[in-house]
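**Student:** Sharing input_6.txt here; it has compact mmCIF, C-alpha atoms and all ligand atoms.
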```
# COMPACT_ATOMS: atom_id res chain seq x y z
CA MET A 14 56.16 -29.80 56.70
CA GLU A 15 52.56 -28.77 56.35
CA TYR A 16 50.96 -26.31 58.81
CA ARG A 17 47.34 -26.14 59.90
CA ARG A 18 45.33 -23.71 61.96
CA LEU A 19 44.51 -24.99 65.41
CA GLY A 20 40.75 -24.85 64.85
CA LYS A 21 39.62 -21.29 64.37
CA SER A 22 42.53 -19.90 66.39
CA GLY A 23 45.34 -18.04 64.66
CA LEU A 24 47.96 -20.56 65.81
CA LYS A 25 49.47 -22.54 62.94
CA VAL A 26 50.73 -25.90 64.15
CA SER A 27 52.74 -28.43 62.20
CA ALA A 28 50.59 -31.24 60.81
CA LEU A 29 52.94 -33.68 62.56
CA SER A 30 54.00 -32.98 66.14
CA LEU A 31 55.83 -34.89 68.87
CA GLY A 32 54.57 -36.15 72.23
CA SER A 33 56.37 -37.55 75.27
CA TRP A 34 53.94 -40.15 76.70
CA VAL A 35 55.59 -43.49 77.66
CA THR A 36 58.78 -42.51 75.84
CA PHE A 37 60.45 -39.55 77.66
CA GLY A 38 61.53 -40.68 81.11
CA LYS A 39 60.58 -44.35 80.60
CA GLN A 40 62.26 -45.49 77.39
CA VAL A 41 64.22 -42.37 76.43
CA ALA A 42 66.65 -40.41 78.62
CA ILE A 43 67.83 -36.83 78.12
CA LYS A 44 70.51 -37.44 75.43
CA ASP A 45 68.22 -39.34 73.05
CA ALA A 46 65.24 -37.11 73.88
CA THR A 47 67.30 -34.08 72.81
CA THR A 48 68.18 -35.79 69.52
CA LEU A 49 64.51 -36.64 68.94
CA LEU A 50 63.44 -33.07 69.66
CA LYS A 51 66.13 -31.59 67.43
CA THR A 52 65.18 -33.92 64.57
CA ALA A 53 61.50 -33.02 65.00
CA TYR A 54 62.21 -29.28 65.13
CA ASP A 55 64.60 -29.39 62.17
CA ALA A 56 61.89 -31.19 60.18
CA GLY A 57 59.52 -28.28 60.85
CA MET A 58 57.57 -29.60 63.82
CA ASN A 59 56.54 -26.75 66.09
CA PHE A 60 54.36 -28.41 68.73
CA PHE A 61 55.54 -30.65 71.58
CA ASP A 62 52.96 -32.37 73.76
CA ASN A 63 53.26 -33.16 77.48
CA ALA A 64 51.26 -33.79 80.64
CA GLU A 65 51.84 -33.56 84.37
CA GLY A 66 50.93 -37.23 84.61
CA TYR A 67 53.53 -38.57 82.18
CA GLU A 68 56.08 -40.52 84.24
CA ALA A 69 55.02 -38.48 87.30
CA GLY A 70 56.44 -35.26 85.83
CA GLU A 71 59.74 -36.82 84.73
CA SER A 72 58.91 -36.57 81.01
CA GLU A 73 58.24 -32.82 81.34
CA LYS A 74 61.60 -32.36 83.07
CA ILE A 75 63.33 -34.12 80.18
CA MET A 76 61.37 -32.09 77.60
CA GLY A 77 62.36 -28.89 79.45
CA GLU A 78 66.03 -29.85 79.57
CA ALA A 79 66.00 -30.78 75.87
CA ILE A 80 64.34 -27.50 74.85
CA LYS A 81 66.83 -25.55 76.96
CA SER A 82 69.94 -27.34 75.74
CA LEU A 83 68.89 -26.89 72.10
CA GLY A 84 68.27 -23.19 72.74
CA LEU A 85 65.04 -23.25 70.71
CA PRO A 86 63.76 -19.68 70.28
CA ARG A 87 60.61 -19.46 72.40
CA ASP A 88 58.61 -17.70 69.67
CA THR A 89 59.11 -20.59 67.21
CA PHE A 90 57.46 -23.52 69.00
CA ALA A 91 54.44 -24.37 71.12
CA VAL A 92 54.61 -26.57 74.18
CA SER A 93 51.71 -28.06 76.12
CA SER A 94 50.90 -29.60 79.46
CA LYS A 95 47.79 -31.30 80.76
CA VAL A 96 46.23 -31.16 84.20
CA PHE A 97 44.42 -34.00 85.96
CA TRP A 98 46.84 -36.62 87.32
CA GLY A 99 49.39 -34.67 89.38
CA GLY A 100 50.09 -37.16 92.16
CA LYS A 101 48.51 -39.46 94.71
CA GLN A 102 47.07 -36.86 97.11
CA LYS A 103 43.48 -35.71 96.67
CA MET A 104 44.48 -32.11 95.94
CA GLN A 105 46.87 -33.23 93.22
CA LEU A 106 44.05 -34.71 91.15
CA GLY A 107 41.24 -33.43 88.96
CA LEU A 108 40.23 -30.00 87.73
CA SER A 109 39.58 -27.94 90.87
CA ALA A 110 40.61 -24.29 90.55
CA LYS A 111 43.42 -24.99 93.02
CA HIS A 112 44.85 -27.97 91.17
CA VAL A 113 44.53 -26.28 87.77
CA ARG A 114 46.64 -23.41 89.11
CA ASP A 115 49.18 -25.51 91.06
CA ALA A 116 49.64 -27.96 88.18
CA CYS A 117 50.30 -25.11 85.76
CA ASP A 118 52.96 -23.57 88.02
CA LEU A 119 54.67 -26.95 88.46
CA ALA A 120 54.59 -27.69 84.71
CA LEU A 121 56.14 -24.30 83.97
CA LYS A 122 58.99 -25.12 86.35
CA ARG A 123 59.57 -28.61 84.92
CA LEU A 124 59.42 -27.39 81.32
CA GLN A 125 61.54 -24.31 82.18
CA VAL A 126 59.27 -21.95 80.24
CA ASP A 127 57.43 -18.74 81.23
CA TYR A 128 54.12 -19.79 79.69
CA LEU A 129 52.37 -22.82 78.17
CA ASP A 130 51.01 -22.39 74.67
CA LEU A 131 48.39 -25.11 75.07
CA TYR A 132 46.99 -26.29 78.39
CA PHE A 133 44.60 -29.25 78.43
CA CYS A 134 42.16 -30.66 80.96
CA HIS A 135 43.39 -34.25 80.59
CA ARG A 136 39.97 -35.78 81.38
CA PRO A 137 36.56 -34.44 82.54
CA ASP A 138 36.20 -34.14 86.33
CA ILE A 139 32.65 -34.91 87.46
CA ASP A 140 33.44 -33.64 90.99
CA THR A 141 34.21 -30.09 89.85
CA PRO A 142 31.59 -27.74 88.36
CA ILE A 143 32.60 -26.90 84.78
CA GLU A 144 32.29 -23.20 85.63
CA GLU A 145 35.08 -23.53 88.22
CA THR A 146 37.46 -25.08 85.69
CA VAL A 147 36.59 -22.66 82.88
CA ARG A 148 37.19 -19.73 85.25
CA ALA A 149 40.51 -21.21 86.42
CA MET A 150 41.69 -21.55 82.82
CA HIS A 151 40.50 -18.02 82.00
CA ASN A 152 42.43 -16.65 84.98
CA LEU A 153 45.63 -18.42 83.85
CA ILE A 154 45.22 -16.75 80.45
CA LEU A 155 44.82 -13.33 82.12
CA GLN A 156 47.93 -14.02 84.22
CA GLY A 157 49.91 -14.78 81.05
CA LYS A 158 50.67 -18.34 82.17
CA ILE A 159 48.86 -20.06 79.30
CA ILE A 160 47.69 -18.95 75.87
CA TYR A 161 45.08 -21.48 74.70
CA TRP A 162 43.19 -23.97 76.82
CA GLY A 163 41.44 -27.12 75.77
CA THR A 164 40.25 -30.56 76.78
CA SER A 165 41.23 -34.17 76.27
CA GLU A 166 38.75 -37.02 75.95
CA TRP A 167 35.81 -34.83 76.94
CA SER A 168 32.44 -35.57 75.38
CA ALA A 169 30.84 -33.17 72.88
CA ARG A 170 28.27 -32.42 75.58
CA GLU A 171 30.92 -31.42 78.12
CA ILE A 172 32.73 -29.22 75.61
CA THR A 173 29.43 -27.58 74.71
CA GLN A 174 28.77 -26.93 78.41
CA ALA A 175 32.20 -25.29 78.74
CA HIS A 176 31.37 -22.99 75.82
CA ALA A 177 27.97 -22.13 77.30
CA VAL A 178 29.53 -21.27 80.68
CA ALA A 179 32.27 -19.21 79.01
CA GLN A 180 29.71 -17.28 76.98
CA ALA A 181 27.42 -16.68 79.99
CA TYR A 182 30.18 -15.28 82.21
CA GLY A 183 32.41 -13.61 79.60
CA LEU A 184 35.21 -16.19 80.03
CA THR A 185 37.59 -17.67 77.43
CA PRO A 186 36.19 -20.87 75.88
CA PRO A 187 38.26 -23.98 75.05
CA VAL A 188 39.99 -23.91 71.67
CA MET A 189 41.08 -27.50 71.13
CA GLU A 190 40.41 -31.08 72.16
CA GLN A 191 42.90 -33.96 72.28
CA PRO A 192 41.11 -37.19 71.34
CA GLN A 193 42.45 -40.58 70.33
CA TYR A 194 42.15 -40.97 66.56
CA ASN A 195 43.41 -43.69 64.27
CA LEU A 196 42.16 -46.28 61.78
CA LEU A 197 40.80 -48.38 64.63
CA HIS A 198 39.26 -45.59 66.75
CA ARG A 199 37.14 -43.00 64.98
CA ASP A 200 33.78 -42.17 66.56
CA LYS A 201 34.53 -38.98 68.49
CA VAL A 202 36.56 -37.24 65.81
CA GLU A 203 34.40 -38.22 62.86
CA ALA A 204 30.89 -38.20 64.34
CA GLU A 205 30.45 -36.90 67.89
CA PHE A 206 32.50 -33.74 67.41
CA SER A 207 31.06 -32.80 63.98
CA PRO A 208 28.83 -29.99 65.28
CA LEU A 209 31.71 -28.59 67.34
CA TYR A 210 33.89 -27.94 64.27
CA GLU A 211 31.06 -25.93 62.74
CA ASN A 212 29.71 -24.21 65.85
CA TYR A 213 32.91 -23.44 67.73
CA GLY A 214 35.77 -23.97 65.26
CA LEU A 215 37.18 -26.73 67.47
CA GLY A 216 40.78 -27.76 66.74
CA THR A 217 42.06 -31.29 67.42
CA THR A 218 45.51 -32.48 68.45
CA ILE A 219 45.00 -36.21 67.95
CA TRP A 220 46.80 -38.96 69.90
CA SER A 221 47.98 -42.51 69.21
CA PRO A 222 47.80 -42.30 65.39
CA LEU A 223 49.44 -45.74 65.30
CA ALA A 224 47.33 -47.16 68.16
CA SER A 225 50.49 -47.41 70.29
CA GLY A 226 52.39 -49.06 67.41
CA ILE A 227 49.76 -51.69 66.48
CA LEU A 228 49.25 -49.90 63.14
CA THR A 229 52.88 -50.40 62.15
CA GLY A 230 52.05 -54.11 61.76
CA LYS A 231 54.83 -55.12 64.17
CA TYR A 232 52.37 -56.91 66.47
CA ASN A 233 50.90 -59.01 63.64
CA GLU A 234 52.77 -62.15 64.70
CA GLY A 235 52.94 -61.53 68.46
CA ILE A 236 54.42 -58.99 70.87
CA PRO A 237 58.04 -58.04 70.12
CA SER A 238 60.16 -58.00 73.29
CA ASP A 239 61.39 -54.43 72.71
CA SER A 240 57.95 -52.86 72.18
CA ARG A 241 55.52 -50.74 74.23
CA LEU A 242 53.15 -53.62 74.90
CA ASN A 243 55.95 -55.47 76.65
CA LEU A 244 56.91 -52.63 79.01
CA PRO A 245 56.50 -53.03 82.77
CA ASP A 246 53.56 -50.95 84.11
CA TYR A 247 51.82 -51.11 80.70
CA GLU A 248 50.23 -54.51 81.19
CA TRP A 249 46.82 -52.76 81.03
CA LEU A 250 47.64 -51.69 77.47
CA ARG A 251 48.68 -55.21 76.49
CA ASP A 252 45.45 -56.55 78.00
CA LEU A 253 43.43 -54.23 75.74
CA TRP A 254 44.80 -56.10 72.75
CA SER A 255 44.57 -59.64 74.09
CA GLY A 256 40.75 -59.64 74.48
CA GLU A 257 38.27 -60.56 71.77
CA GLU A 258 37.89 -56.96 70.51
CA GLY A 259 41.66 -56.55 70.34
CA LYS A 260 42.05 -59.79 68.39
CA GLN A 261 39.44 -58.65 65.86
CA LYS A 262 41.26 -55.35 65.40
CA LEU A 263 44.58 -57.16 64.93
CA GLU A 264 42.97 -59.21 62.18
CA LYS A 265 42.04 -55.97 60.42
CA VAL A 266 45.62 -54.75 60.84
CA ARG A 267 46.88 -57.91 59.09
CA LYS A 268 44.55 -57.18 56.16
CA LEU A 269 45.68 -53.53 56.11
CA THR A 270 49.28 -54.76 56.04
CA GLN A 271 48.48 -56.82 52.95
CA LEU A 272 46.81 -53.85 51.25
CA SER A 273 49.74 -51.56 52.01
CA LYS A 274 52.11 -54.13 50.49
CA GLU A 275 50.01 -54.24 47.32
CA LEU A 276 50.13 -50.43 47.19
CA GLY A 277 53.88 -50.37 47.77
CA ILE A 278 53.66 -48.15 50.87
CA SER A 279 54.39 -49.04 54.49
CA LEU A 280 51.44 -49.61 56.80
CA THR A 281 52.95 -47.07 59.22
CA HIS A 282 52.97 -44.33 56.57
CA MET A 283 49.50 -45.28 55.35
CA SER A 284 48.08 -45.14 58.88
CA ILE A 285 49.54 -41.72 59.73
CA ALA A 286 48.68 -40.27 56.31
CA TRP A 287 45.11 -41.55 56.75
CA CYS A 288 44.79 -39.44 59.94
CA LEU A 289 46.21 -36.42 58.11
CA LYS A 290 43.59 -36.77 55.36
CA ASN A 291 40.93 -35.62 57.85
CA PRO A 292 40.73 -31.80 57.59
CA ASN A 293 39.38 -31.56 61.15
CA VAL A 294 42.68 -32.90 62.46
CA SER A 295 44.89 -29.91 63.30
CA THR A 296 47.95 -31.96 64.21
CA VAL A 297 48.84 -35.63 64.50
CA ILE A 298 50.95 -36.17 67.62
CA LEU A 299 53.60 -38.80 66.98
CA GLY A 300 55.34 -40.89 69.61
CA ALA A 301 58.79 -42.39 69.07
CA SER A 302 60.97 -44.51 71.34
CA ARG A 303 63.90 -44.24 68.92
CA LEU A 304 65.19 -41.90 66.27
CA SER A 305 64.69 -44.32 63.38
CA GLN A 306 60.93 -44.35 64.11
CA LEU A 307 60.62 -40.58 64.05
CA LYS A 308 62.58 -40.32 60.81
CA ASP A 309 60.44 -43.05 59.29
CA ASN A 310 57.16 -41.50 60.43
CA LEU A 311 58.07 -38.10 58.99
CA LYS A 312 57.85 -39.69 55.53
CA SER A 313 54.09 -40.15 55.99
CA LEU A 314 53.50 -36.65 54.64
CA GLU A 315 54.70 -37.81 51.22
CA VAL A 316 52.15 -40.62 51.21
CA ILE A 317 49.04 -38.42 51.49
CA PRO A 318 48.63 -38.03 47.69
CA LYS A 319 48.74 -41.83 47.34
CA LEU A 320 45.59 -42.17 49.43
CA THR A 321 43.26 -41.62 46.48
CA PRO A 322 39.48 -41.95 46.90
CA GLN A 323 39.78 -45.51 45.60
CA VAL A 324 42.48 -46.41 48.14
CA MET A 325 40.45 -44.78 50.91
CA ASP A 326 37.50 -47.00 49.88
CA GLU A 327 39.69 -50.09 50.02
CA ILE A 328 40.87 -49.12 53.50
CA GLU A 329 37.26 -48.46 54.54
CA ALA A 330 36.19 -51.90 53.37
CA ILE A 331 38.81 -53.50 55.63
CA VAL A 332 38.36 -51.44 58.80
CA ASP A 333 34.58 -51.40 58.35
CA ASN A 334 34.10 -48.98 61.28
CA LYS A 335 32.93 -45.73 59.70
CA PRO A 336 30.76 -44.00 62.28
CA ALA A 337 27.28 -42.93 61.23
CA ALA A 338 27.02 -39.20 60.58
CA PRO A 339 25.08 -37.35 63.29
CA GLU A 340 21.42 -36.99 62.45
CA ARG A 341 20.50 -33.67 60.84
CA PHE A 342 16.91 -32.57 60.64
CA GLY A 343 15.50 -31.03 57.50
CA GLN A 344 18.31 -32.28 55.23
N1 LIG B 1 45.55 -36.94 75.78
C1 LIG B 1 45.72 -38.22 76.02
O1 LIG B 1 44.97 -38.84 76.79
C2 LIG B 1 46.85 -38.94 75.34
C3 LIG B 1 46.96 -40.35 75.43
C4 LIG B 1 48.02 -40.95 74.77
C5 LIG B 1 48.93 -40.19 74.06
N2 LIG B 1 48.82 -38.83 74.01
C6 LIG B 1 49.77 -37.98 73.27
O2 LIG B 1 49.94 -38.47 71.95
C7 LIG B 1 51.30 -38.76 71.72
C8 LIG B 1 51.41 -39.90 70.73
O3 LIG B 1 50.74 -41.06 71.24
P1 LIG B 1 51.39 -42.49 71.06
O4 LIG B 1 52.80 -42.47 71.55
O5 LIG B 1 50.45 -43.49 71.61
O6 LIG B 1 51.44 -42.55 69.44
P2 LIG B 1 51.53 -43.80 68.47
O7 LIG B 1 52.10 -43.27 67.21
O8 LIG B 1 50.21 -44.49 68.37
O9 LIG B 1 52.54 -44.82 69.17
C9 LIG B 1 53.90 -44.50 69.27
C10 LIG B 1 54.71 -45.75 69.57
O10 LIG B 1 54.58 -46.69 68.49
C11 LIG B 1 55.85 -47.27 68.22
N3 LIG B 1 56.28 -46.75 66.90
C12 LIG B 1 56.15 -45.47 66.42
N4 LIG B 1 56.64 -45.39 65.16
C13 LIG B 1 57.10 -46.61 64.84
C14 LIG B 1 57.71 -47.11 63.68
N5 LIG B 1 57.94 -46.34 62.61
N6 LIG B 1 58.05 -48.43 63.66
C15 LIG B 1 57.81 -49.22 64.74
N7 LIG B 1 57.24 -48.79 65.88
C16 LIG B 1 56.88 -47.49 65.93
C17 LIG B 1 56.77 -46.79 69.34
O11 LIG B 1 56.63 -47.65 70.47
P3 LIG B 1 57.67 -48.81 70.89
O12 LIG B 1 58.96 -48.62 70.16
O13 LIG B 1 57.83 -48.67 72.36
O14 LIG B 1 57.00 -50.09 70.55
C18 LIG B 1 56.19 -45.45 69.67
O15 LIG B 1 56.54 -44.96 70.94
C19 LIG B 1 51.86 -39.04 73.12
O16 LIG B 1 53.26 -38.87 73.21
C20 LIG B 1 51.14 -37.99 73.93
O17 LIG B 1 51.76 -36.75 73.77
C21 LIG B 1 47.79 -38.20 74.64
```
So, in terms of structure tokens, how does the structure I just supplied come out?

**Tutor:**
Amino acid sequence: MEYRRLGKSGLKVSALSLGSWVTFGKQVAIKDATTLLKTAYDAGMNFFDNAEGYEAGESEKIMGEAIKSLGLPRDTFAVSSKVFWGGKQKMQLGLSAKHVRDACDLALKRLQVDYLDLYFCHRPDIDTPIEETVRAMHNLILQGKIIYWGTSEWSAREITQAHAVAQAYGLTPPVMEQPQYNLLHRDKVEAEFSPLYENYGLGTTIWSPLASGILTGKYNEGIPSDSRLNLPDYEWLRDLWSGEEGKQKLEKVRKLTQLSKELGISLTHMSIAWCLKNPNVSTVILGASRLSQLKDNLKSLEVIPKLTPQVMDEIEAIVDNKPAAPERFGQ
């Protein structure tokens, strides 16, 4: 396993980590979740990603049970939660100081831990002043309930505002952001956030490295019956791929599949290794609905050296979606 600093923080996270979205509580029950977690931990993974909204808290309960039954020493792994979607009632939603605090307490109970290592604002909340949320996170740090706080799918502008507020009032700024990043979705990580790496030492815990499995190539000829896009309640995800934009992306995936065959590597490994090539990625969060997938995906680390500049150019020519670098004056 390779380890990377979470931005400019001192926390060294494994380059590959494991998340629980869709899988824990929906596709995977406690026995298989425990096997997944043990395999991940034994392979050197030290970060496990969660959210209050995943399966209405059920996935965090399973993660907590798995961590407990394996008896993982608390000082050897980091566990996260995210606040935003805590239930149907108004007070269970968003980033008010009250919900940030309540959601943290509930996540600690479900995960059966004394503190969260990473605590994310799962989305921006336009109904709550950023100062209120920054202060709520700062207070949780002072109370010893969380160690690092960050954001997920915030804009560079919103993250910059959070830093400005933190600096003005002597509060703790966000350390990391959790954006989607994969061969088909690049703008935020590669362009929009560029100044934030330099100015604030932003770390990134990136999600959906395989675009929900599309970048394994298994959707090239249609939707397999036992796949995420065929799950009840995830019709919205399937719809994303059945529109014109989705079809165009699938065509690129077919071409990437061909290239990976010519190179003698699997498209899955190539796609994950491609994310890892970006030095601004602190950790790539994997998802797995079965053990064979996790074991397979772990091999991606070995593929990084095969992504030579020439191969990266060939990939670039197919995806053809490199974001323009942000404009710099005087250079
Ligand atoms: N912050 C956010 O807003 C946000 C959003 C999404 C995810 N996340 C985090 O990121 C984590 C990873 O996201 P993700 O699950 O979307 O990652 P992903 O790697 O893009 O997709 C994982 C899914 O792809 C399929 N798959 C994975 N490896 C495979 C293989 N070797 N062969 C065939 N199929 C394979 C499996 O689905 P099936 O077997 O069901 O087809 C698996 O559950 C989540 O668990 C969560 O912690 C965060």

**Student:** Using all atoms listed in the file, find each residue with an atom at most 7 Å away from ligand LIG 1 (chain B) and format the answer as a count of residues only.

**Tutor:** 39

**Student:** Leaving out stretch 315-319 of chain A and any residue of its chain fewer than 5 positions from it, which residues lie within 8 Å of it when counting all atoms listed in the file, given as JSON, numbers by chain?

**Tutor:** {"A": [278, 282, 283, 286, 287, 289, 290, 324]}

**Student:** Please report, as a tab-separated table, each residue of stretch 256-276 of chain A lying at most 7 Å from stretch 329-333 of chain A, together with the nearest pair of atoms and the separation in Å rounded to one decimal; use all atoms listed in the file, and order rows by chain and ascending residue number.

**Tutor:**
```
residue	atom	partner	partner_atom	distance
A:Lys265	CA	A:Val332	CA	6.1
A:Lys268	CA	A:Ile331	CA	6.8
A:Leu269	CA	A:Ile331	CA	6.9
```

**Student:** May I have the selected residues written with C-alpha atoms, as a JSON list (two decimals), keeping the file's coordinate frame?

**Tutor:**
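Saved result, again.json, follows:
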```json
[["chain", "number", "residue", "atom", "x", "y", "z"],
["A", 265, "LYS", "CA", 42.04, -55.97, 60.42],
["A", 268, "LYS", "CA", 44.55, -57.18, 56.16],
["A", 269, "LEU", "CA", 45.68, -53.53, 56.11]]
```

**Student:** Tell me, in Å to one decimal, how far atom CA of A:Ala179 is from atom CA of A:Pro339.

**Tutor:**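 Here the two named atoms are 25.1 Å from each other.
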
**Student:** What gap, in Å, lies between atom CA of A:Phe133 and atom CA of A:Pro86?

**Tutor:** 22.9 Å

**Student:** From the list A:Asp130, A:Glu65, A:Glu145, A:Asp118, which residue is nearest A:Ser93 when using all atoms listed in the file?

**Tutor:**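 Checking each of A:Asp130, A:Glu65, A:Glu145, A:Asp118 against A:Ser93, counting all atoms listed in the file, the winner is A:Asp130.
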
**Student:** Regenerate stretch 212-232 of chain A at the level of N, CA and C atoms and dump it as a PDB file, in the coordinates of the input.

**Tutor:**
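New file rebuild.pdb:
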```pdb
ATOM      1  N   ASN A 212      30.251 -25.212  64.908  1.00  0.00           N
ATOM      2  CA  ASN A 212      29.710 -24.210  65.850  1.00  0.00           C
ATOM      3  C   ASN A 212      30.794 -23.430  66.574  1.00  0.00           C
ATOM      4  N   TYR A 213      31.892 -24.100  66.899  1.00  0.00           N
ATOM      5  CA  TYR A 213      32.910 -23.440  67.730  1.00  0.00           C
ATOM      6  C   TYR A 213      34.280 -23.348  67.064  1.00  0.00           C
ATOM      7  N   GLY A 214      34.449 -23.954  65.895  1.00  0.00           N
ATOM      8  CA  GLY A 214      35.770 -23.970  65.260  1.00  0.00           C
ATOM      9  C   GLY A 214      36.766 -24.757  66.088  1.00  0.00           C
ATOM     10  N   LEU A 215      36.317 -25.904  66.609  1.00  0.00           N
ATOM     11  CA  LEU A 215      37.180 -26.730  67.470  1.00  0.00           C
ATOM     12  C   LEU A 215      38.397 -27.257  66.703  1.00  0.00           C
ATOM     13  N   GLY A 216      39.567 -27.132  67.296  1.00  0.00           N
ATOM     14  CA  GLY A 216      40.780 -27.760  66.740  1.00  0.00           C
ATOM     15  C   GLY A 216      41.024 -29.083  67.442  1.00  0.00           C
ATOM     16  N   THR A 217      41.754 -29.991  66.786  1.00  0.00           N
ATOM     17  CA  THR A 217      42.060 -31.290  67.420  1.00  0.00           C
ATOM     18  C   THR A 217      43.547 -31.606  67.313  1.00  0.00           C
ATOM     19  N   THR A 218      44.126 -32.024  68.415  1.00  0.00           N
ATOM     20  CA  THR A 218      45.510 -32.480  68.450  1.00  0.00           C
ATOM     21  C   THR A 218      45.422 -33.979  68.734  1.00  0.00           C
ATOM     22  N   ILE A 219      45.425 -34.813  67.731  1.00  0.00           N
ATOM     23  CA  ILE A 219      45.000 -36.210  67.950  1.00  0.00           C
ATOM     24  C   ILE A 219      46.146 -37.087  68.452  1.00  0.00           C
ATOM     25  N   TRP A 220      45.784 -38.087  69.289  1.00  0.00           N
ATOM     26  CA  TRP A 220      46.800 -38.960  69.900  1.00  0.00           C
ATOM     27  C   TRP A 220      46.709 -40.412  69.444  1.00  0.00           C
ATOM     28  N   SER A 221      47.838 -41.090  69.596  1.00  0.00           N
ATOM     29  CA  SER A 221      47.980 -42.510  69.210  1.00  0.00           C
ATOM     30  C   SER A 221      47.551 -42.769  67.762  1.00  0.00           C
ATOM     31  N   PRO A 222      48.152 -42.060  66.801  1.00  0.00           N
ATOM     32  CA  PRO A 222      47.800 -42.300  65.390  1.00  0.00           C
ATOM     33  C   PRO A 222      48.140 -43.718  64.941  1.00  0.00           C
ATOM     34  N   LEU A 223      49.077 -44.366  65.646  1.00  0.00           N
ATOM     35  CA  LEU A 223      49.440 -45.740  65.300  1.00  0.00           C
ATOM     36  C   LEU A 223      48.878 -46.747  66.313  1.00  0.00           C
ATOM     37  N   ALA A 224      47.899 -46.297  67.113  1.00  0.00           N
ATOM     38  CA  ALA A 224      47.330 -47.160  68.160  1.00  0.00           C
ATOM     39  C   ALA A 224      48.445 -47.805  68.974  1.00  0.00           C
ATOM     40  N   SER A 225      49.354 -46.959  69.459  1.00  0.00           N
ATOM     41  CA  SER A 225      50.490 -47.410  70.290  1.00  0.00           C
ATOM     42  C   SER A 225      51.480 -48.295  69.531  1.00  0.00           C
ATOM     43  N   GLY A 226      51.435 -48.261  68.213  1.00  0.00           N
ATOM     44  CA  GLY A 226      52.390 -49.060  67.410  1.00  0.00           C
ATOM     45  C   GLY A 226      51.730 -50.231  66.711  1.00  0.00           C
ATOM     46  N   ILE A 227      50.475 -50.564  67.101  1.00  0.00           N
ATOM     47  CA  ILE A 227      49.760 -51.690  66.480  1.00  0.00           C
ATOM     48  C   ILE A 227      49.678 -51.468  64.961  1.00  0.00           C
ATOM     49  N   LEU A 228      49.450 -50.205  64.559  1.00  0.00           N
ATOM     50  CA  LEU A 228      49.250 -49.900  63.140  1.00  0.00           C
ATOM     51  C   LEU A 228      50.571 -49.752  62.359  1.00  0.00           C
ATOM     52  N   THR A 229      51.662 -50.224  62.957  1.00  0.00           N
ATOM     53  CA  THR A 229      52.880 -50.400  62.150  1.00  0.00           C
ATOM     54  C   THR A 229      52.896 -51.818  61.583  1.00  0.00           C
ATOM     55  N   GLY A 230      52.072 -52.710  62.166  1.00  0.00           N
ATOM     56  CA  GLY A 230      52.050 -54.110  61.760  1.00  0.00           C
ATOM     57  C   GLY A 230      53.045 -54.962  62.551  1.00  0.00           C
ATOM     58  N   LYS A 231      53.782 -54.335  63.493  1.00  0.00           N
ATOM     59  CA  LYS A 231      54.830 -55.120  64.170  1.00  0.00           C
ATOM     60  C   LYS A 231      54.277 -56.081  65.215  1.00  0.00           C
ATOM     61  N   TYR A 232      52.983 -55.965  65.530  1.00  0.00           N
ATOM     62  CA  TYR A 232      52.370 -56.910  66.470  1.00  0.00           C
ATOM     63  C   TYR A 232      51.608 -58.020  65.745  1.00  0.00           C
TER      64      TYR A 232
END
```
